[in-house]
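Just below is one structure, and these are the notes that go with it.
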Amino acid sequence: MSVTASVLQTFVQQRRKEAGLGPTELARRAEITRQALHNIEAGTSAPSAVVAFRLAQALSCRVDDLFCLPPRTIQARLIGTAPLGSRVQLARVGESLLAFPLQGSAGLTHRADGMFAEREVEQVQVELSGNLDLPARSAVLMGCDPSLDLLAAHTEQTAPDLRVITRPASSGAALTELAAGNAHLAGIHLWDAKSGESNLPFVRRLIFGGPVHVIALWTWEQGLLTAAGNPRGIQGVEDLRGGNLRLINRDPGAGSRLMLDGWLDAANFSVSGRQALPGYQDEVDSPMEAARRVQAGAADVAPGPRVAAQALGLHFVPLQHEHFDLIVPEEHLSHPAIRALLHTARSPAFLLELAALGGYDAAQVGQTRGIIA
């Protein structure tokens, strides 16, 4: 009976590389084919007892140093909330193993690493459905740009042994979670109206415990989302005066919310006048949800990016270009999934699809815009 990766962990490749042996030489010494060695190293098949002892002898170690049974359950820190029995994905961020609930549409389409079985004070028990190799090769990316899921999908296609876990969060929340050690990197667009600068002022305000790299992904168009054909003839925020248009707003800390407030300030809306705008205090937590509210007729206008308007066939009133950057603590820059993601972000195949989404300019992709100590 074969033993699969879900019930056996293998460290053969690690030991082989430490011993300075190539796969062909180790296969010869163990008297197996190179393909058989590849399957053993990949964890897709298990060796017989004789082959296991031959591998151990060739690598001058014990069989227990090469193979072990993974734990059935493991402790992790739950990020977010979830009921018992929820499926979770796991990722190691620094010294912490984190559990991310699979909820909504992601819960139906993404592979889980285990089930949330028991809650303790700060930790939860996760009943594993796989081993811990993939969580160790997973990078957690938080942000609200709809294209981040596309970037993650392209990354996993070109590097199938790695994983990028995308977690939806407004830019402010993503940056806060990153500083708290709950992610490897964050995609943000936060415009500081006073300085006219994007993202850098907000990173400077937080404590990360080490240098942080601000890496350009792209600039994108921000503006107002209106119904298809723009039946209300909306041209800008001045049209909000008089209270004849219903707004749907983004949550505090969202980049689109900051931009809307900046536009209203520039148009001399008072604080009380802003608060009195119909729908100003009705908030949603993503640009796509804002676009859906406009599409459904629940609102006349919402702040957001062109990509959200184009995805749902809405009209878009462009008002500003802004930077969308990746924020990466220096300690995570060498993570293989992050290196793969940055490589993928510059790949022709991904950039072709990104351009088709509309409103993106990736001329500066991959460039470091700043390093904040």
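By order in the structure tokens, chains are A, B, ...; within a chain, residues start at 1; ligands start at 1, following the order shown.
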For Leu102 (chain A): contacts at 10 Å, only C-alpha atoms, fewer than 5 positions along chain excluded, given as a PyMOL selection string
chain A and resi 82+86-89+107-112+115+167
Considering only C-alpha atoms, return as an MDAnalysis selection string whatever protein or nucleic-acid residues lie within 8 Å of Ile79 (chain A), sequence-local ones (same chain, fewer than 4 positions apart) excluded.
chainID A and resid 98:101 182
Between A:Gly236, A:Val51, A:Ala227, A:Leu341, which residue has the minimum interatomic distance to Ala291 (chain A), considering only C-alpha atoms?
A:Ala227
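Relative to CA of Ala42 (chain A), CA of Glu127 (chain A) is found at 22.5 Å.
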To test your reading of the structure, identify every residue in region 133-303 of chain A that backbone DSSP assigns to alpha helix (DSSP H), and report it as a ChimeraX atom specification.
/A:133-136,147-158,171-179,200-204,255-266,271-275,287-295
Hey, which of A:Ala355, A:Leu224, A:Gln320, A:Pro252 ends up closest to Ala290 (chain A)? Count only C-alpha atoms.
A:Leu224
Using DSSP on the backbone, list every residue of region 62-292 of chain A that comes out as strand (DSSP E), and give them as a PyMOL selection string.
chain A and resi 67-68+73-78+87-93+96-101+114-119+124-128+138-143+163-168+185-188+191-192+197-198+212-226+249-250+283-284
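Near region 265-277 of chain A, within a cut-off of 10 Å and counting only C-alpha atoms, sit the residues Ala193, Gly236, Val237, Glu238, Leu240, Arg241, Gly242, Gly243, Asn244, Leu245, Arg246, Leu247 and Met259 of chain A, with same-chain residues fewer than 6 positions away left out.
Across A:Ile372, A:Ile165, A:Leu200, A:Ala30, the tightest approach to Leu185 (chain A) is made by A:Ile165 when counting only C-alpha atoms.
Residues in contact with Arg54 (chain A) at up to 12 Å, not including ones fewer than 3 positions away on its chain and judged by only C-alpha atoms, are Val12, Leu26, Ala27, Arg28, Arg29, Ala30, Glu31, Ile32, Leu37, Pro47, Ser48, Ala49, Val50, Val51, Gln57, Ala58, Leu59, Ser60, Cys61, Arg62, Val63 and Leu66 of chain A.
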Neighbouring residues of Leu206 (chain A) were defined as those with any atom within 10 Å, considering only C-alpha atoms; residues of the same chain fewer than 2 positions away were excluded. Please report them as a PyMOL selection string.
chain A and resi 175-176+178-180+201-204+208-209
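In this structure, CA of Gly262 (chain A) sits 25.3 Å away from CA of Pro231 (chain A).
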Fewer than 5 positions away in the same chain doesn't count, so skip those; otherwise give me all residues within 10 Å of Ala363 (chain A), counting only C-alpha atoms, as a tab-separated table (two decimals) with N, CA, C and O atoms, in the first residue's frame.
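Saved as around24.tsv:
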```
chain	number	residue	atom	x	y	z
A	216	ALA	N	6.84	49.22	-5.96
A	216	ALA	CA	5.77	49.62	-6.87
A	216	ALA	C	5.19	48.40	-7.58
A	216	ALA	O	5.92	47.54	-8.07
A	217	LEU	N	3.87	48.33	-7.60
A	217	LEU	CA	3.19	47.40	-8.50
A	217	LEU	C	2.73	48.16	-9.74
A	217	LEU	O	3.15	47.90	-10.84
A	218	TRP	N	1.84	49.12	-9.52
A	218	TRP	CA	1.34	49.90	-10.65
A	218	TRP	C	0.71	51.19	-10.14
A	218	TRP	O	0.55	51.40	-8.94
A	219	THR	N	0.36	52.06	-11.05
A	219	THR	CA	-0.55	53.16	-10.73
A	219	THR	C	-1.89	52.77	-11.35
A	219	THR	O	-1.95	52.02	-12.33
A	346	ARG	N	6.08	40.97	-13.21
A	346	ARG	CA	6.75	41.57	-14.37
A	346	ARG	C	6.63	40.69	-15.63
A	346	ARG	O	7.18	41.06	-16.68
```
